[in-house]
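Shown next: data32.txt, containing compact mmCIF, C-alpha atoms.
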# COMPACT_ATOMS: atom_id res chain seq x y z
CA MET A 21 136.92 85.51 110.64
CA LYS A 22 136.48 88.00 113.46
CA ASN A 23 140.04 89.31 113.20
CA HIS A 24 139.80 89.71 109.42
CA ALA A 25 136.47 91.53 109.74
CA ILE A 26 137.86 93.85 112.44
CA LYS A 27 140.92 94.60 110.31
CA SER A 28 138.68 95.26 107.29
CA GLY A 29 136.45 97.57 109.35
CA VAL A 30 139.47 99.54 110.55
CA MET A 31 140.81 99.83 106.99
CA ILE A 32 137.46 101.04 105.63
CA GLY A 33 137.20 103.44 108.59
CA VAL A 34 140.66 104.83 107.79
CA ILE A 35 139.65 105.27 104.14
CA GLY A 36 136.63 107.21 105.41
CA ILE A 37 138.88 109.34 107.61
CA ILE A 38 141.11 110.18 104.63
CA ILE A 39 138.09 111.14 102.52
CA THR A 40 136.71 113.24 105.39
CA LEU A 41 140.03 115.06 105.76
CA LEU A 42 140.20 115.71 102.01
CA LEU A 43 136.64 117.08 101.99
CA TYR A 44 137.46 119.20 105.03
CA ILE A 45 140.56 120.64 103.35
CA VAL A 46 138.93 121.22 99.96
CA ASP A 47 135.53 122.54 101.08
CA PRO A 48 133.91 121.76 104.44
CA THR A 49 130.48 122.71 103.09
CA THR A 50 130.50 119.45 101.12
CA PHE A 51 129.43 117.79 104.38
CA ALA A 52 126.07 119.48 103.78
CA LYS A 53 125.49 117.71 100.47
CA TRP A 54 123.18 114.74 101.04
CA TRP A 55 124.04 113.12 97.71
CA LEU A 56 127.73 113.03 98.61
CA MET A 57 126.98 111.38 101.94
CA MET A 58 124.86 108.77 100.12
CA LEU A 59 127.72 108.18 97.68
CA LEU A 60 130.11 107.63 100.57
CA GLY A 61 127.63 105.17 102.10
CA VAL A 62 127.55 103.21 98.84
CA LEU A 63 131.36 103.26 98.77
CA ASN A 64 131.47 101.85 102.31
CA LEU A 65 129.03 99.04 101.44
CA THR A 66 131.00 98.26 98.29
CA LEU A 67 134.24 98.06 100.25
CA ILE A 68 132.64 95.72 102.80
CA ALA A 69 131.55 93.46 99.93
CA VAL A 70 135.01 93.56 98.36
CA PHE A 71 136.75 92.72 101.65
CA GLY A 72 134.17 89.99 102.33
CA VAL A 73 134.69 88.33 98.96
CA LYS A 74 138.46 88.60 99.44
CA TYR A 75 138.14 86.85 102.81
CA ARG A 76 135.85 84.19 101.33
CA ASN A 77 138.45 83.48 98.65
CA GLU A 78 141.22 83.31 101.26
CA ILE A 79 139.36 80.61 103.19
CA GLY A 80 138.78 78.35 100.21
CA GLY A 81 136.18 80.15 98.11
CA PHE A 82 133.07 79.20 100.05
CA MET A 83 131.22 80.90 102.87
CA SER A 84 127.76 80.35 104.34
CA PHE A 85 125.22 83.15 104.37
CA LYS A 86 125.38 83.26 108.18
CA ASP A 87 129.17 83.68 108.19
CA ALA A 88 129.01 86.25 105.40
CA TYR A 89 126.34 88.21 107.30
CA VAL A 90 128.32 88.11 110.56
CA TYR A 91 131.49 89.15 108.69
CA SER A 92 129.64 92.10 107.12
CA LEU A 93 128.11 93.09 110.44
CA ILE A 94 131.41 93.05 112.34
CA THR A 95 133.16 94.97 109.56
CA MET A 96 130.38 97.58 109.43
CA VAL A 97 130.22 98.09 113.21
CA VAL A 98 134.00 98.55 113.44
CA MET A 99 133.94 100.92 110.44
CA VAL A 100 131.19 103.04 112.05
CA LEU A 101 132.99 103.11 115.42
CA VAL A 102 136.30 104.18 113.85
CA GLY A 103 134.59 106.90 111.83
CA THR A 104 132.56 108.11 114.80
CA LEU A 105 135.58 108.34 117.10
CA PHE A 106 137.44 110.32 114.45
CA SER A 107 134.46 112.62 113.86
CA ILE A 108 134.04 113.30 117.57
CA VAL A 109 137.68 114.38 117.80
CA MET A 110 137.68 116.26 114.49
CA PHE A 111 134.45 118.20 114.93
CA ASN A 112 134.44 118.70 118.69
CA VAL A 113 138.14 119.11 119.54
CA VAL A 114 140.19 119.96 116.44
CA ASP A 115 137.67 122.31 114.75
CA PRO A 116 134.44 122.78 116.70
CA GLY A 117 133.53 125.74 114.47
CA ILE A 118 133.04 123.48 111.46
CA SER A 119 129.55 122.61 112.66
CA GLU A 120 128.51 126.26 112.19
CA THR A 121 129.90 126.26 108.64
CA VAL A 122 128.05 123.07 107.74
CA ALA A 123 124.85 124.25 109.46
CA ASP A 124 124.94 127.48 107.46
CA ALA A 125 125.41 125.48 104.24
CA VAL A 126 122.50 123.20 105.16
CA ALA A 127 120.33 126.26 105.85
CA GLU A 128 121.24 127.72 102.45
CA ASN A 129 120.54 124.40 100.71
CA THR A 130 117.21 124.10 102.51
CA GLU A 131 116.18 127.61 101.54
CA SER A 132 117.19 127.09 97.92
CA MET A 133 115.32 123.79 97.70
CA MET A 134 112.20 125.25 99.32
CA ARG A 135 112.23 128.21 96.91
CA ASN A 136 112.68 125.87 93.94
CA PHE A 137 109.64 123.86 95.06
CA GLY A 138 107.61 127.05 95.57
CA ALA A 139 107.19 126.65 99.33
CA PRO A 140 105.23 129.41 101.05
CA GLU A 141 107.39 132.11 102.64
CA ASP A 142 105.60 132.01 106.00
CA GLY A 143 106.87 128.54 106.99
CA MET A 144 110.25 128.84 105.32
CA ASP A 145 112.13 130.58 108.14
CA GLU A 146 110.96 127.99 110.65
CA ALA A 147 112.02 125.08 108.40
CA ILE A 148 115.41 126.67 107.73
CA ASP A 149 115.99 127.28 111.45
CA LYS A 150 115.02 123.68 112.22
CA ALA A 151 117.39 122.31 109.55
CA ARG A 152 120.20 124.44 110.96
CA ALA A 153 119.49 123.37 114.56
CA ASP A 154 119.25 119.68 113.57
CA THR A 155 122.63 119.94 111.83
CA LEU A 156 124.24 121.54 114.87
CA ASP A 157 122.78 118.75 117.04
CA ARG A 158 124.27 116.08 114.75
CA PHE A 159 127.76 117.52 115.28
CA THR A 160 127.66 117.30 119.08
CA MET A 161 129.26 114.30 120.77
CA VAL A 162 125.84 112.95 121.77
CA GLY A 163 124.52 113.61 118.26
CA MET A 164 127.40 111.70 116.70
CA ILE A 165 126.95 108.74 119.06
CA LYS A 166 123.20 108.69 118.31
CA GLY A 167 123.97 108.94 114.60
CA ALA A 168 126.37 106.00 114.85
CA GLY A 169 123.67 103.92 116.54
CA ILE A 170 121.16 104.82 113.84
CA ARG A 171 123.70 104.01 111.08
CA ILE A 172 124.39 100.63 112.67
CA LEU A 173 120.66 99.82 112.92
CA ILE A 174 120.02 100.82 109.30
CA ASN A 175 123.09 98.96 108.06
CA VAL A 176 121.97 95.73 109.76
CA VAL A 177 119.54 95.42 106.83
CA PHE A 178 122.23 96.24 104.27
CA CYS A 179 124.44 93.58 105.85
CA LEU A 180 121.76 91.02 104.93
CA ILE A 181 122.18 92.07 101.32
CA LEU A 182 125.97 92.02 101.67
CA GLY A 183 125.78 88.56 103.21
CA ALA A 184 123.86 87.36 100.17
CA ILE A 185 126.48 88.91 97.87
CA ILE A 186 129.46 87.50 99.77
CA LYS A 187 128.15 83.99 100.45
CA LYS A 188 129.01 81.15 98.16
CA ASN A 189 127.80 77.65 98.96
CA GLU A 190 129.90 74.62 98.29
CA PRO A 191 128.58 72.60 95.36
CA GLU A 192 126.47 69.62 96.35
CA LEU A 193 128.11 66.28 95.74
CA GLU A 194 126.03 63.99 93.59
CA GLY A 195 125.64 60.51 95.07

Could you express the structure from this file as structure tokens?
Amino acid sequence: MKNHAIKSGVMIGVIGIIITLLLYIVDPTTFAKWWLMMLLGVLNLTLIAVFGVKYRNEIGGFMSFKDAYVYSLITMVVMVLVGTLFSIVMFNVVDPGISETVADAVAENTESMMRNFGAPEDGMDEAIDKARADTLDRFTMVGMIKGAGIRILINVVFCLILGAIIKKNEPELEG
């Protein structure tokens, strides 16, 4: 199970890398869109479920909740580690300036949202500056490692849900 989960995590991580590269090539400011990041998170969870069900079927069609949960957890941790390693290289070595581009886009999005909600002008500059600084922090190596840890902790709960989706108990034999 462990090897299959690791392989699945690597494959999902590589899919994430390909999507990240496509977004980077098309328009790097898309990294500032929260809804897109949520959509990618849903895609990742869906892929974990698909790979988990595929594995369950390969081993005879049945899998306990515990095994399904552990499978999901291993797959998710590997996926996060692969994505984080790629992001550290991409955004700190290959193109360190991308963080400025994304931070500027986040600042613009924050300002636009605050204006749409009628926020008072006096606190707007401070909120925009904070959003920009927080974004720049997330793109540092330490920020990405912290973010990976937070994603893993949050996804531990989602893996419970995935375990429930993937598991399939063997039918009880009637005596």

If we count only C-alpha atoms, what is near range 109-122 of chain A at a cut-off of 10 Å, once residues fewer than 6 positions away on the same chain are taken out, given as a ChimeraX atom specification? /A:37,40-41,44,48-53,128,152-153,155-161,164

Give me the range 86-143 of chain A side of the contact with range 63-74 of chain A, cut-off 8 Å, one line per residue showing its nearest atom pair and distance in Å at one decimal, counting all atoms listed in the file, sorted by chain and residue number, as a Markdown table.
| residue | atom | partner | partner_atom | distance |
| --- | --- | --- | --- | --- |
| A:Ala88 | CA | A:Gly72 | CA | 7.1 |
| A:Tyr91 | CA | A:Gly72 | CA | 7.0 |
| A:Ser92 | CA | A:Ile68 | CA | 6.4 |
| A:Thr95 | CA | A:Ile68 | CA | 6.8 |
| A:Met96 | CA | A:Ile68 | CA | 7.2 |

Take the point (135.9, 110.0, 101.7) as written in the file and pick out every residue within 12 Å of it, counting only C-alpha atoms; give the list as number ranges by chain. A: 32-46, 50-51, 56-64, 103

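Going from CA of Ala127 in chain A over to CA of Ala151 in chain A, you cover 6.2 Å.
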
Which residues, written as a PyMOL selection string, have at least one atom at most 10 Å from Ala168 in chain A, with all atoms listed in the file counted and residues fewer than 2 positions away on the same chain left out? chain A and resi 97+100-101+103-105+162-166+170-174

Two-atom distance - CA of Gly143 in chain A, CA of Val126 in chain A (Å): 16.6 Å

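The spacing separating CA of Met144 in chain A from CA of Gly167 in chain A amounts to 25.9 Å.
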
Using only C-alpha atoms, find the one residue out of A:Asp154, A:Val102, A:Asn23, A:Trp54 that sits nearest to Asn129 in chain A. A:Trp54

How big is the axis-aligned box around all listed atoms of range 108-126 of chain A once 8 Å goes on each side, and where's its centre, in Å to one decimal, as AutoDock Vina command-line options?
--center_x 131.3 --center_y 120.4 --center_z 111.9 --size_x 33.7 --size_y 30.2 --size_z 31.3

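Taking all atoms listed in the file into account, Ser28 in chain A lies nearest to A:Met99 out of the set A:Met99, A:Val177, A:Ile185, A:Ala125.
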